[in-house]
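This is entry19.txt. It holds compact mmCIF, C-alpha atoms and all ligand atoms.
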# COMPACT_ATOMS: atom_id res chain seq x y z
CA MET A 1291 6.29 -7.78 32.95
CA ASN A 1292 6.15 -8.18 29.15
CA THR A 1293 5.14 -11.67 28.06
CA VAL A 1294 7.06 -10.93 24.87
CA SER A 1295 10.70 -10.34 25.70
CA LYS A 1296 12.57 -11.05 22.47
CA VAL A 1297 11.30 -10.47 18.93
CA LEU A 1298 12.72 -11.35 15.55
CA VAL A 1299 11.85 -8.84 12.82
CA VAL A 1300 12.30 -10.26 9.31
CA GLY A 1301 12.89 -7.41 6.84
CA GLY A 1302 14.64 -4.09 7.30
CA GLY A 1303 12.32 -1.89 5.23
CA ILE A 1304 10.07 0.87 6.55
CA GLY A 1305 7.75 -1.44 8.49
CA GLY A 1306 10.50 -3.63 9.96
CA LEU A 1307 12.58 -0.67 11.06
CA CYS A 1308 9.60 1.06 12.66
CA ALA A 1309 8.70 -2.18 14.44
CA ALA A 1310 12.25 -2.45 15.76
CA ILE A 1311 12.17 1.16 17.01
CA ALA A 1312 8.74 0.83 18.59
CA LEU A 1313 9.59 -2.46 20.34
CA ARG A 1314 12.97 -1.24 21.58
CA ARG A 1315 11.25 1.84 23.04
CA LYS A 1316 9.12 -0.60 25.07
CA GLY A 1317 12.21 -2.42 26.33
CA ILE A 1318 11.76 -5.52 24.16
CA ASP A 1319 14.90 -7.14 22.69
CA VAL A 1320 14.89 -7.05 18.90
CA ASP A 1321 16.94 -8.95 16.34
CA LEU A 1322 16.38 -7.84 12.74
CA VAL A 1323 17.45 -9.77 9.66
CA GLU A 1324 17.50 -8.20 6.21
CA LEU A 1325 17.89 -10.22 3.03
CA ASN A 1326 19.97 -7.65 1.18
CA SER A 1327 23.60 -7.58 2.16
CA GLU A 1328 23.78 -3.99 0.94
CA TRP A 1329 21.18 -2.24 3.09
CA THR A 1330 19.87 0.57 0.95
CA VAL A 1331 16.77 1.71 -0.92
CA TYR A 1332 16.13 3.21 -4.32
CA GLY A 1333 16.55 6.93 -4.70
CA VAL A 1334 13.16 8.49 -5.23
CA GLY A 1335 10.76 9.73 -2.61
CA ILE A 1336 7.63 8.99 -0.72
CA ILE A 1337 4.61 11.01 0.38
CA GLN A 1338 3.56 10.73 4.01
CA GLN A 1339 0.44 12.20 5.51
CA GLY A 1340 -0.67 13.49 8.91
CA ASN A 1341 -1.26 10.03 10.33
CA VAL A 1342 2.37 9.12 9.61
CA VAL A 1343 3.66 12.37 11.12
CA ARG A 1344 1.61 11.47 14.22
CA GLU A 1345 3.14 7.96 14.39
CA MET A 1346 6.66 9.34 13.87
CA SER A 1347 6.06 11.42 16.96
CA LYS A 1348 5.10 8.27 18.89
CA LEU A 1349 8.24 6.55 17.59
CA GLY A 1350 10.29 9.42 19.00
CA VAL A 1351 11.92 10.22 15.65
CA LEU A 1352 9.88 13.26 14.64
CA ASP A 1353 12.60 15.91 14.74
CA GLY A 1354 15.17 13.92 12.73
CA TYR A 1355 12.44 12.85 10.34
CA LEU A 1356 11.19 16.37 9.72
CA ASP A 1357 14.77 17.67 9.32
CA ALA A 1358 15.20 15.17 6.49
CA ALA A 1359 11.83 15.91 4.85
CA PHE A 1360 9.99 18.68 3.03
CA ALA A 1361 6.93 19.70 5.03
CA PHE A 1362 3.74 20.92 3.39
CA ASP A 1363 0.03 21.08 4.09
CA ASP A 1364 -2.04 20.99 0.91
CA VAL A 1365 -2.57 18.71 -2.07
CA THR A 1366 -3.80 20.14 -5.37
CA ILE A 1367 -5.58 18.33 -8.17
CA ASN A 1368 -4.96 19.91 -11.59
CA THR A 1369 -5.81 19.34 -15.21
CA ALA A 1370 -3.15 17.98 -17.57
CA SER A 1371 -2.18 21.56 -18.44
CA GLY A 1372 -1.95 22.67 -14.80
CA GLN A 1373 -5.29 24.38 -14.19
CA GLN A 1374 -6.24 23.83 -10.56
CA LEU A 1375 -9.42 21.80 -9.99
CA ALA A 1376 -9.25 21.34 -6.22
CA ARG A 1377 -7.04 22.14 -3.26
CA ILE A 1378 -7.35 19.70 -0.36
CA PRO A 1379 -5.96 20.85 2.97
CA GLY A 1380 -4.13 18.20 4.97
CA GLN A 1381 -4.59 17.58 8.68
CA ARG A 1382 -2.02 18.51 11.31
CA LEU A 1383 -2.55 15.37 13.38
CA ALA A 1384 0.73 15.49 15.32
CA GLY A 1385 -0.09 18.96 16.70
CA PRO A 1386 -0.52 22.43 15.26
CA GLN A 1387 3.24 23.03 15.10
CA TYR A 1388 3.81 20.00 12.85
CA PRO A 1389 2.98 19.70 9.15
CA ALA A 1390 0.04 17.87 7.65
CA ASN A 1391 2.14 16.14 5.00
CA VAL A 1392 5.75 15.53 4.13
CA GLY A 1393 7.68 14.44 1.09
CA ILE A 1394 10.86 12.58 1.99
CA SER A 1395 13.48 10.78 -0.06
CA ARG A 1396 13.44 7.05 0.61
CA LEU A 1397 17.18 7.21 1.27
CA ALA A 1398 16.74 9.94 3.90
CA LEU A 1399 13.89 8.04 5.56
CA HIS A 1400 15.94 4.84 5.62
CA LYS A 1401 18.86 6.72 7.21
CA VAL A 1402 16.71 8.20 10.00
CA LEU A 1403 14.97 4.89 10.76
CA SER A 1404 18.00 2.59 10.49
CA GLU A 1405 20.23 4.86 12.59
CA THR A 1406 17.53 5.15 15.27
CA ALA A 1407 16.86 1.40 15.34
CA ILE A 1408 20.57 0.68 15.79
CA GLU A 1409 21.09 3.44 18.39
CA LEU A 1410 18.23 1.92 20.41
CA GLY A 1411 20.00 -1.44 20.46
CA THR A 1412 18.42 -3.43 17.63
CA SER A 1413 20.76 -6.23 16.61
CA VAL A 1414 20.89 -6.13 12.79
CA ARG A 1415 22.21 -8.87 10.55
CA LEU A 1416 22.34 -8.29 6.79
CA GLY A 1417 22.33 -10.77 3.91
CA LEU A 1418 20.22 -13.13 5.97
CA SER A 1419 16.72 -14.55 6.14
CA VAL A 1420 14.76 -17.22 7.92
CA GLU A 1421 14.88 -20.79 6.67
CA THR A 1422 12.41 -22.50 9.00
CA LEU A 1423 10.16 -21.53 11.89
CA SER A 1424 8.98 -24.10 14.44
CA GLU A 1425 6.79 -23.17 17.32
CA ASP A 1426 5.88 -24.53 20.72
CA ALA A 1427 3.97 -23.00 23.64
CA GLU A 1428 7.02 -21.03 24.81
CA GLY A 1429 8.18 -19.48 21.56
CA VAL A 1430 9.44 -19.87 18.01
CA ASP A 1431 12.66 -21.68 17.14
CA VAL A 1432 14.20 -20.10 14.07
CA VAL A 1433 16.79 -21.55 11.74
CA PHE A 1434 18.39 -18.83 9.62
CA THR A 1435 19.65 -19.19 6.06
CA ASP A 1436 23.28 -19.28 7.28
CA GLY A 1437 22.46 -22.25 9.53
CA SER A 1438 22.49 -20.28 12.78
CA GLN A 1439 19.58 -20.71 15.22
CA ASP A 1440 17.80 -18.76 17.92
CA SER A 1441 14.50 -18.67 19.83
CA TYR A 1442 12.01 -15.81 20.06
CA SER A 1443 8.74 -14.97 21.82
CA LEU A 1444 7.42 -13.53 18.54
CA VAL A 1445 8.48 -13.41 14.89
CA VAL A 1446 7.34 -10.38 12.85
CA GLY A 1447 7.35 -10.85 9.08
CA ALA A 1448 7.98 -7.37 7.66
CA ASP A 1449 9.50 -8.74 4.49
CA GLY A 1450 7.35 -6.97 1.95
CA LEU A 1451 5.25 -7.89 -1.07
CA PHE A 1452 7.02 -11.20 -1.77
CA SER A 1453 7.16 -12.14 1.92
CA LYS A 1454 8.85 -15.42 2.70
CA VAL A 1455 7.26 -15.42 6.16
CA ARG A 1456 3.81 -15.14 4.54
CA GLY A 1457 4.67 -18.23 2.50
CA LEU A 1458 5.76 -20.09 5.66
CA LEU A 1459 2.42 -19.21 7.33
CA PHE A 1460 -0.05 -19.49 4.46
CA SER A 1461 1.84 -21.45 1.77
CA ASP A 1462 0.80 -20.07 -1.65
CA LYS A 1463 -2.70 -18.94 -0.58
CA TYR A 1464 -1.85 -15.25 -0.98
CA GLN A 1465 0.12 -14.27 -4.08
CA PRO A 1466 0.89 -10.77 -5.39
CA ARG A 1467 -1.41 -9.69 -8.22
CA PHE A 1468 -0.45 -7.22 -10.98
CA THR A 1469 -3.09 -4.48 -11.16
CA GLY A 1470 -2.55 -3.55 -14.81
CA GLN A 1471 -0.81 -0.28 -13.97
CA SER A 1472 2.78 0.81 -13.54
CA VAL A 1473 4.40 3.89 -12.05
CA TRP A 1474 7.30 5.86 -13.52
CA ARG A 1475 9.35 8.19 -11.35
CA TYR A 1476 12.14 10.71 -11.93
CA ASN A 1477 13.93 13.23 -9.71
CA PHE A 1478 14.30 16.92 -10.61
CA PRO A 1479 15.61 20.05 -8.90
CA ARG A 1480 12.60 21.44 -7.04
CA ASN A 1481 10.58 24.05 -8.94
CA ALA A 1482 9.67 27.01 -6.69
CA HIS A 1483 5.95 26.46 -7.36
CA ILE A 1484 6.12 22.89 -6.06
CA ASP A 1485 5.82 23.61 -2.35
CA HIS A 1486 2.99 21.06 -1.97
CA LEU A 1487 1.92 17.81 -3.64
CA ALA A 1488 0.55 18.72 -7.06
CA THR A 1489 -1.29 16.06 -9.04
CA TYR A 1490 -2.32 16.30 -12.70
CA GLN A 1491 -5.07 14.34 -14.47
CA GLY A 1492 -3.70 13.13 -17.79
CA PRO A 1493 -5.46 11.57 -20.75
CA ALA A 1494 -4.23 8.06 -19.90
CA GLY A 1495 -2.65 8.17 -16.43
CA ASN A 1496 -2.16 10.67 -13.64
CA ALA A 1497 1.06 12.54 -12.90
CA GLY A 1498 2.30 14.34 -9.82
CA LEU A 1499 5.13 16.45 -8.47
CA VAL A 1500 6.28 15.86 -4.90
CA PRO A 1501 8.68 18.17 -3.03
CA LEU A 1502 11.36 16.20 -1.15
CA ALA A 1503 13.82 18.90 -0.06
CA ASP A 1504 14.53 22.56 -0.80
CA ASP A 1505 16.45 21.51 -3.89
CA LEU A 1506 14.74 18.22 -4.83
CA MET A 1507 11.37 16.98 -6.06
CA TYR A 1508 10.21 13.95 -7.99
CA MET A 1509 7.68 13.36 -10.72
CA PHE A 1510 5.49 10.29 -10.97
CA VAL A 1511 3.13 9.17 -13.69
CA THR A 1512 0.91 6.11 -13.78
CA SER A 1513 0.34 4.14 -16.97
CA HIS A 1514 -1.85 1.28 -18.09
CA GLU A 1515 0.36 -1.68 -19.10
CA PRO A 1516 -2.12 -4.53 -19.59
CA THR A 1517 0.49 -7.15 -20.50
CA ASN A 1518 3.04 -6.08 -17.86
CA PRO A 1519 5.82 -5.91 -20.47
CA ARG A 1520 9.44 -6.34 -19.46
CA MET A 1521 10.95 -2.89 -20.02
CA ASN A 1522 14.33 -2.37 -21.65
CA ARG A 1523 16.41 -0.48 -19.07
CA THR A 1524 18.24 1.53 -21.75
CA THR A 1525 15.05 3.07 -23.18
CA LEU A 1526 13.21 3.89 -19.96
CA ALA A 1527 13.59 7.67 -20.41
CA ALA A 1528 11.95 7.58 -23.84
CA GLU A 1529 9.24 5.26 -22.53
CA MET A 1530 8.50 7.59 -19.60
CA ARG A 1531 8.36 10.64 -21.90
CA GLN A 1532 5.92 8.73 -24.08
CA ARG A 1533 3.65 8.05 -21.05
CA LEU A 1534 3.59 11.82 -20.45
CA HIS A 1535 2.17 12.74 -23.84
CA GLY A 1536 -0.90 14.91 -23.47
CA PHE A 1537 0.44 16.89 -20.50
CA ASP A 1538 1.27 20.58 -21.01
CA GLY A 1539 2.40 23.26 -18.57
CA LEU A 1540 5.04 22.33 -16.00
CA ILE A 1541 4.69 18.57 -16.53
CA GLY A 1542 5.10 19.07 -20.27
CA GLU A 1543 8.23 21.20 -19.75
CA LEU A 1544 9.77 18.70 -17.35
CA ARG A 1545 8.95 15.80 -19.67
CA GLU A 1546 11.54 17.08 -22.13
CA GLN A 1547 14.22 16.92 -19.41
CA ILE A 1548 13.74 13.19 -18.82
CA ASN A 1549 16.75 11.88 -20.70
CA ASP A 1550 18.72 9.59 -18.38
CA SER A 1551 17.25 6.08 -18.45
CA ALA A 1552 19.40 5.05 -15.48
CA LYS A 1553 17.52 7.57 -13.33
CA VAL A 1554 14.02 6.40 -14.25
CA VAL A 1555 12.48 4.27 -11.50
CA TYR A 1556 9.90 2.00 -13.11
CA LYS A 1557 7.57 -0.17 -11.04
CA PRO A 1558 4.67 -2.42 -12.10
CA LEU A 1559 2.04 -2.23 -9.35
CA GLU A 1560 1.36 -5.47 -7.50
CA VAL A 1561 -0.94 -5.94 -4.54
CA VAL A 1562 -1.79 -8.59 -1.97
CA PHE A 1563 -4.15 -8.66 0.99
CA VAL A 1564 -4.20 -11.37 3.64
CA ASP A 1565 -7.94 -11.59 4.20
CA GLU A 1566 -7.84 -13.30 7.60
CA PRO A 1567 -5.84 -12.64 10.79
CA TRP A 1568 -2.24 -11.86 9.83
CA TYR A 1569 -0.79 -14.25 12.40
CA ARG A 1570 -0.63 -17.87 13.30
CA GLY A 1571 0.54 -18.66 16.79
CA ARG A 1572 3.54 -16.45 17.47
CA VAL A 1573 4.29 -15.40 13.90
CA LEU A 1574 2.74 -12.16 12.60
CA LEU A 1575 2.84 -10.30 9.28
CA ILE A 1576 2.90 -6.51 9.11
CA GLY A 1577 3.23 -3.94 6.31
CA ASP A 1578 3.30 -4.99 2.67
CA ALA A 1579 3.70 -8.65 3.66
CA ALA A 1580 0.08 -8.48 4.90
CA HIS A 1581 -1.49 -5.66 2.88
CA ALA A 1582 0.54 -4.31 -0.06
CA THR A 1583 -1.57 -1.84 -2.00
CA THR A 1584 -1.08 0.68 -4.79
CA PRO A 1585 0.42 4.14 -4.17
CA HIS A 1586 -2.67 6.07 -5.32
CA LEU A 1587 -3.60 7.18 -1.81
CA GLY A 1588 -0.01 7.45 -0.52
CA GLN A 1589 -0.73 5.21 2.46
CA GLY A 1590 1.17 1.93 1.93
CA ALA A 1591 4.14 2.81 4.08
CA GLY A 1592 1.83 4.71 6.42
CA MET A 1593 -0.06 1.51 7.15
CA ALA A 1594 3.22 -0.37 7.80
CA ILE A 1595 4.29 2.34 10.24
CA GLU A 1596 0.94 2.30 12.04
CA ASP A 1597 1.16 -1.52 12.28
CA ALA A 1598 4.52 -1.17 14.02
CA VAL A 1599 3.32 1.33 16.61
CA VAL A 1600 0.09 -0.54 17.38
CA LEU A 1601 1.98 -3.83 17.74
CA SER A 1602 4.32 -2.35 20.34
CA GLU A 1603 1.35 -0.92 22.25
CA GLU A 1604 -0.58 -4.19 22.31
CA LEU A 1605 2.42 -6.35 23.23
CA THR A 1606 2.86 -4.28 26.37
CA ALA A 1607 -0.81 -3.88 27.33
CA GLY A 1608 -1.26 -7.13 29.21
CA GLY A 1609 -2.82 -10.50 28.41
CA ASN A 1610 -1.25 -13.43 26.69
CA ILE A 1611 0.18 -13.39 23.17
CA GLU A 1612 -3.06 -14.62 21.60
CA HIS A 1613 -5.01 -11.78 23.22
CA GLN A 1614 -2.35 -9.26 22.25
CA LEU A 1615 -2.39 -10.28 18.61
CA GLN A 1616 -6.20 -10.40 18.55
CA ARG A 1617 -6.29 -6.83 19.85
CA PHE A 1618 -3.67 -5.83 17.26
CA MET A 1619 -5.87 -7.27 14.50
CA ALA A 1620 -8.97 -5.54 15.86
CA ARG A 1621 -7.21 -2.18 15.51
CA ARG A 1622 -5.61 -2.89 12.14
CA PHE A 1623 -7.67 -5.16 9.92
CA GLU A 1624 -10.65 -3.08 8.75
CA ARG A 1625 -8.66 0.14 8.59
CA CYS A 1626 -5.99 -1.40 6.36
CA LYS A 1627 -8.53 -3.31 4.27
CA CYS A 1628 -10.53 -0.17 3.51
CA ILE A 1629 -7.43 1.83 2.55
CA ALA A 1630 -5.91 -1.00 0.51
CA GLN A 1631 -9.14 -1.64 -1.41
CA SER A 1632 -9.83 2.07 -1.96
CA SER A 1633 -6.34 2.59 -3.33
CA VAL A 1634 -6.69 -0.32 -5.75
CA MET A 1635 -10.06 1.08 -6.84
CA VAL A 1636 -8.51 4.45 -7.79
CA GLY A 1637 -6.19 2.64 -10.17
CA GLU A 1638 -9.08 0.65 -11.63
CA LYS A 1639 -11.00 3.88 -12.26
CA GLU A 1640 -7.94 5.32 -14.00
CA ILE A 1641 -7.64 2.26 -16.21
CA ALA A 1642 -11.35 2.45 -17.04
CA LYS A 1643 -11.00 6.22 -17.73
CA ASP A 1644 -14.07 6.67 -15.56
CA ARG A 1645 -14.47 10.47 -15.54
CA SER A 1646 -17.54 10.21 -13.29
CA PHE A 1647 -15.38 8.89 -10.44
CA ASP A 1648 -15.11 11.51 -7.66
CA SER A 1649 -11.48 11.13 -6.57
CA VAL A 1650 -11.65 14.25 -4.38
CA ALA A 1651 -14.48 12.73 -2.33
CA LEU A 1652 -12.51 9.50 -1.90
CA VAL A 1653 -9.35 11.33 -0.82
CA LYS A 1654 -11.39 13.27 1.75
CA LYS A 1655 -12.96 10.05 3.02
CA ILE A 1656 -9.55 8.43 3.46
CA LEU A 1657 -8.19 11.56 5.13
CA ALA A 1658 -11.06 11.38 7.63
CA LEU A 1659 -10.41 7.67 8.22
CA THR A 1660 -6.67 8.05 8.73
CA ALA A 1661 -7.23 11.00 11.09
CA GLU A 1662 -9.19 8.77 13.45
CA PRO A 1663 -7.34 7.36 16.44
CA ILE A 1664 -6.22 3.81 15.71
C1 LIG A 1701 5.54 3.10 -6.91
C2 LIG A 1701 5.25 3.12 -5.44
C3 LIG A 1701 5.11 4.32 -4.77
C4 LIG A 1701 4.77 4.35 -3.42
N1 LIG A 1701 4.59 5.55 -2.80
C5 LIG A 1701 4.18 5.56 -1.51
C6 LIG A 1701 3.93 6.80 -0.86
O1 LIG A 1701 4.07 7.87 -1.45
N2 LIG A 1701 3.52 6.76 0.44
C7 LIG A 1701 3.36 5.58 1.13
O2 LIG A 1701 2.99 5.60 2.31
N3 LIG A 1701 3.62 4.40 0.53
C8 LIG A 1701 4.02 4.36 -0.76
N4 LIG A 1701 4.27 3.17 -1.37
C9 LIG A 1701 4.14 1.92 -0.60
C10 LIG A 1701 5.36 1.67 0.28
O3 LIG A 1701 6.55 1.72 -0.49
C11 LIG A 1701 5.24 0.33 0.93
O4 LIG A 1701 3.95 0.17 1.47
C12 LIG A 1701 6.26 0.19 2.06
O5 LIG A 1701 7.56 0.24 1.53
C13 LIG A 1701 6.03 -1.10 2.81
O6 LIG A 1701 7.04 -1.25 3.77
P1 LIG A 1701 7.44 -2.72 4.27
O7 LIG A 1701 8.52 -2.50 5.26
O8 LIG A 1701 6.23 -3.46 4.65
O9 LIG A 1701 8.01 -3.45 2.98
P2 LIG A 1701 9.29 -3.11 2.13
O10 LIG A 1701 9.53 -1.64 2.09
O11 LIG A 1701 9.15 -3.84 0.85
O12 LIG A 1701 10.48 -3.74 2.96
C14 LIG A 1701 10.67 -5.14 3.04
C15 LIG A 1701 12.10 -5.40 3.45
O13 LIG A 1701 12.26 -6.79 3.66
C16 LIG A 1701 13.40 -7.25 2.98
N5 LIG A 1701 13.16 -8.65 2.65
C17 LIG A 1701 12.44 -9.17 1.62
N6 LIG A 1701 12.41 -10.50 1.70
C18 LIG A 1701 13.12 -10.85 2.80
C19 LIG A 1701 13.45 -12.08 3.40
N7 LIG A 1701 13.03 -13.25 2.89
N8 LIG A 1701 14.20 -12.06 4.54
C20 LIG A 1701 14.63 -10.89 5.07
N9 LIG A 1701 14.36 -9.70 4.52
C21 LIG A 1701 13.61 -9.68 3.42
C22 LIG A 1701 13.51 -6.37 1.77
O14 LIG A 1701 14.82 -6.36 1.23
C23 LIG A 1701 13.12 -5.02 2.37
O15 LIG A 1701 14.20 -4.36 2.95
C24 LIG A 1701 4.60 3.13 -2.72
C25 LIG A 1701 4.79 1.91 -3.37
C26 LIG A 1701 5.10 1.90 -4.72
C27 LIG A 1701 5.25 0.57 -5.41
What does this structure look like when you write it as structure tokens?
Amino acid sequence: MNTVSKVLVVGGGIGGLCAAIALRRKGIDVDLVELNSEWTVYGVGIIQQGNVVREMSKLGVLDGYLDAAFAFDDVTINTASGQQLARIPGQRLAGPQYPANVGISRLALHKVLSETAIELGTSVRLGLSVETLSEDAEGVDVVFTDGSQDSYSLVVGADGLFSKVRGLLFSDKYQPRFTGQSVWRYNFPRNAHIDHLATYQGPAGNAGLVPLADDLMYMFVTSHEPTNPRMNRTTLAAEMRQRLHGFDGLIGELREQINDSAKVVYKPLEVVFVDEPWYRGRVLLIGDAAHATTPHLGQGAGMAIEDAVVLSEELTAGGNIEHQLQRFMARRFERCKCIAQSSVMVGEKEIAKDRSFDSVALVKKILALTAEPI
């Protein structure tokens, strides 16, 4: 019998939804609370690699996920004018019939995950968070922000970079840190040549084109913004075009089509890493709440998804809750720390314009790491 019978998941993002799905598949009751009363996500995309495809298979959502995604195998690294420097094959970790990588719109991913979580019986309440958590040997008593109360065997904080649950566990010990870089993103109709992830090394930051669907792709470009300026929403298109100076070829052509500031998704990059076990008693952090990193290696959401699957496996593998969470940490901590730190380092090398940095070697190292069983 499971020692954990009823779990509260705080946060209905990628990690929280995957935790709900994974736990429901193991027969554990799940309540999920999401702060936003309108449960949606912003409309650009995300890159997911073979390790995520593998976990989606374990979550039992692979077919719906792949139907909503654009599958591809390789990643290319190109100069600012589009001359190919390297082509890195991905790894088909879910089986030879499944792709090594996918690009998927965040909206499509949210739809697949939220519909599955609800179909499996997750009880979802929107516009709600936790107010207080108090624990005894049997469980955690939770008071919610609307004054309602309930008790759980485990509380999972999947509430992202600015996690309230992290604050309840560790006070202000772990605070998000701005890395000095920002990312700009913009959707385009898919160009026929963009049937894989194509990255471009620019004079100041790096750009990329990611296929999301037969008719959709998005562009990203990183920029160094040392003072983290507050951007004027009405001039974002001009600002993004300016960050793309120095690119020719396809990126240069597309730059001139960036003219709707409302469609530019701008994000300063902030990171946090909880450098000790991510739980106290019966309250655990997963995903960005524990280890938010930069997008340079395309693994942030992947790590949240892996957390969710591993948690469900350990909670149903015997022992008491302390042993279960210790085993979870043993499988997650070093793997996430290495990926999070490596990703931050890529951004630091970009800021330093360190041309001696071998990004291909690092990508291959991380591919080998993520291919390993967890
Ligand atoms: C520019 C950029 C590009 C990225 N690209 C990639 C990529 O290509 N591939 C990849 O794998 N990763 C990528 N990432 C990282 C990825 O987006 C995150 O790692 C992932 O979203 C983490 O999921 P999460 O569920 O832990 O947190 P989140 O996605 O942040 O979800 C947290 C959820 O909790 C809710 N919430 C917040 N506070 C509370 C509260 N107090 N109570 C209840 N609910 C709350 C939020 O509303 C949200 O729904 C990128 C990140 C950035 C910034």
May I have the residues within 10 Å of Gly1450 (chain A) as an mmCIF file with C-alpha atoms, in the coordinates of the input, using all atoms listed in the file and disregarding those fewer than 4 positions away in the same chain?
data_model
loop_
_atom_site.group_PDB
_atom_site.id
_atom_site.type_symbol
_atom_site.label_atom_id
_atom_site.label_comp_id
_atom_site.auth_asym_id
_atom_site.auth_seq_id
_atom_site.Cartn_x
_atom_site.Cartn_y
_atom_site.Cartn_z
ATOM 1 C CA VAL A 1300 12.300 -10.260 9.310
ATOM 2 C CA GLY A 1301 12.890 -7.410 6.840
ATOM 3 C CA GLY A 1302 14.640 -4.090 7.300
ATOM 4 C CA GLY A 1303 12.320 -1.890 5.230
ATOM 5 C CA ILE A 1304 10.070 0.870 6.550
ATOM 6 C CA GLY A 1305 7.750 -1.440 8.490
ATOM 7 C CA GLY A 1306 10.500 -3.630 9.960
ATOM 8 C CA LYS A 1454 8.850 -15.420 2.700
ATOM 9 C CA VAL A 1455 7.260 -15.420 6.160
ATOM 10 C CA ARG A 1456 3.810 -15.140 4.540
ATOM 11 C CA LEU A 1575 2.840 -10.300 9.280
ATOM 12 C CA ILE A 1576 2.900 -6.510 9.110
ATOM 13 C CA GLY A 1577 3.230 -3.940 6.310
ATOM 14 C CA ASP A 1578 3.300 -4.990 2.670
ATOM 15 C CA ALA A 1579 3.700 -8.650 3.660
ATOM 16 C CA ALA A 1580 0.080 -8.480 4.900
ATOM 17 C CA HIS A 1581 -1.490 -5.660 2.880
ATOM 18 C CA ALA A 1582 0.540 -4.310 -0.060
ATOM 19 C CA ALA A 1594 3.220 -0.370 7.800
#
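The closest residue to Glu1624 (chain A), picked from A:Leu1659, A:Ile1408, A:Val1342, A:Leu1652 and counting only C-alpha atoms, is A:Leu1659.
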List every residue of region 1498-1603 of chain A that has an atom at most 9 Å from any atom of region 1419-1438 of chain A, giving for each one its closest atom pair and the distance in Å to one decimal, counting all atoms listed in the file, sorted by chain and then by ascending residue number, as a tab-separated table.
residue	atom	partner	partner_atom	distance
A:Gly1571	CA	A:Glu1425	CA	7.7
A:Arg1572	CA	A:Val1430	CA	6.8
A:Val1573	CA	A:Val1430	CA	8.0
For CA of Leu1444 (chain A) and CA of Ser1327 (chain A), the interatomic separation in Å (one decimal): 23.8 Å
Report, as AutoDock Vina command-line options, the axis-aligned box around all atoms of ligand LIG 1701 (chain A) present in the file, extended by 6 Å on each side; give centre and edge lengths in Å to one decimal place.
--center_x 8.9 --center_y -2.7 --center_z -0.8 --size_x 23.8 --size_y 33.1 --size_z 24.2
Neighbours of point (3.4, 24.0, -1.1) within 12 Å, using all atoms listed in the file, written as a ChimeraX atom specification: /A:1360-1366,1377-1380,1389-1393,1480-1488,1499-1504,1507
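CA of Gln1631 (chain A) is found 27.6 Å from CA of Leu1605 (chain A).
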Which residue of A:Asp1321, A:Glu1560, A:Glu1604, A:Asp1538 approaches ligand LIG 1701 (chain A) most closely, using all atoms listed in the file: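 Checking each candidate against ligand LIG 1701 (chain A), we get A:Glu1560 as the closest.
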Separation of CA of Arg1570 (chain A) from CA of Leu1459 (chain A) in Å: 6.8 Å
For Ala1661 (chain A): contacts at 12 Å, only C-alpha atoms, fewer than 4 positions along chain excluded, given as a ChimeraX atom specification: /A:1339-1345,1380-1384,1390,1592,1596,1625,1654-1657
Output as a tab-separated table one row per residue of region 1432-1479 of chain A within 10 Å of region 1525-1536 of chain A: the closest atom pair and its distance in Å to one decimal place, counting only C-alpha atoms, sorted by chain and residue number ascending.
residue	atom	partner	partner_atom	distance
A:Val1473	CA	A:Met1530	CA	9.4
A:Trp1474	CA	A:Met1530	CA	6.4
A:Arg1475	CA	A:Met1530	CA	8.3
A:Tyr1476	CA	A:Met1530	CA	9.0
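Candidate residues A:Thr1583, A:Asn1326, A:Ser1551, A:Thr1406 were compared for distance to Arg1467 (chain A), and the nearest is A:Thr1583, using only C-alpha atoms.
Each of A:Ser1602, A:Gln1614, A:Gln1547, A:Ser1649 was checked against Lys1316 (chain A) using all atoms listed in the file; the smallest atom-to-atom distance is that of A:Ser1602.
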Exercise: Met1635 (chain A) partners within 12 Å, only C-alpha atoms, chain neighbours under 4 positions left out, as a ChimeraX atom specification: /A:1469-1471,1561,1583-1587,1628-1631,1639-1642,1644,1647-1649,1652-1653
Residue with smallest distance to Thr1489 (chain A) - pool A:Val1446, A:Ala1309, A:Val1650, A:Ala1620, counting all atoms listed in the file: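 Using all atoms listed in the file, the shortest distance to Thr1489 (chain A) belongs to A:Val1650.
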Pick from A:Ser1646, A:Asn1610, A:Ser1295, A:Ser1395, whichever lies nearest to Ser1443 (chain A) using only C-alpha atoms: A:Ser1295
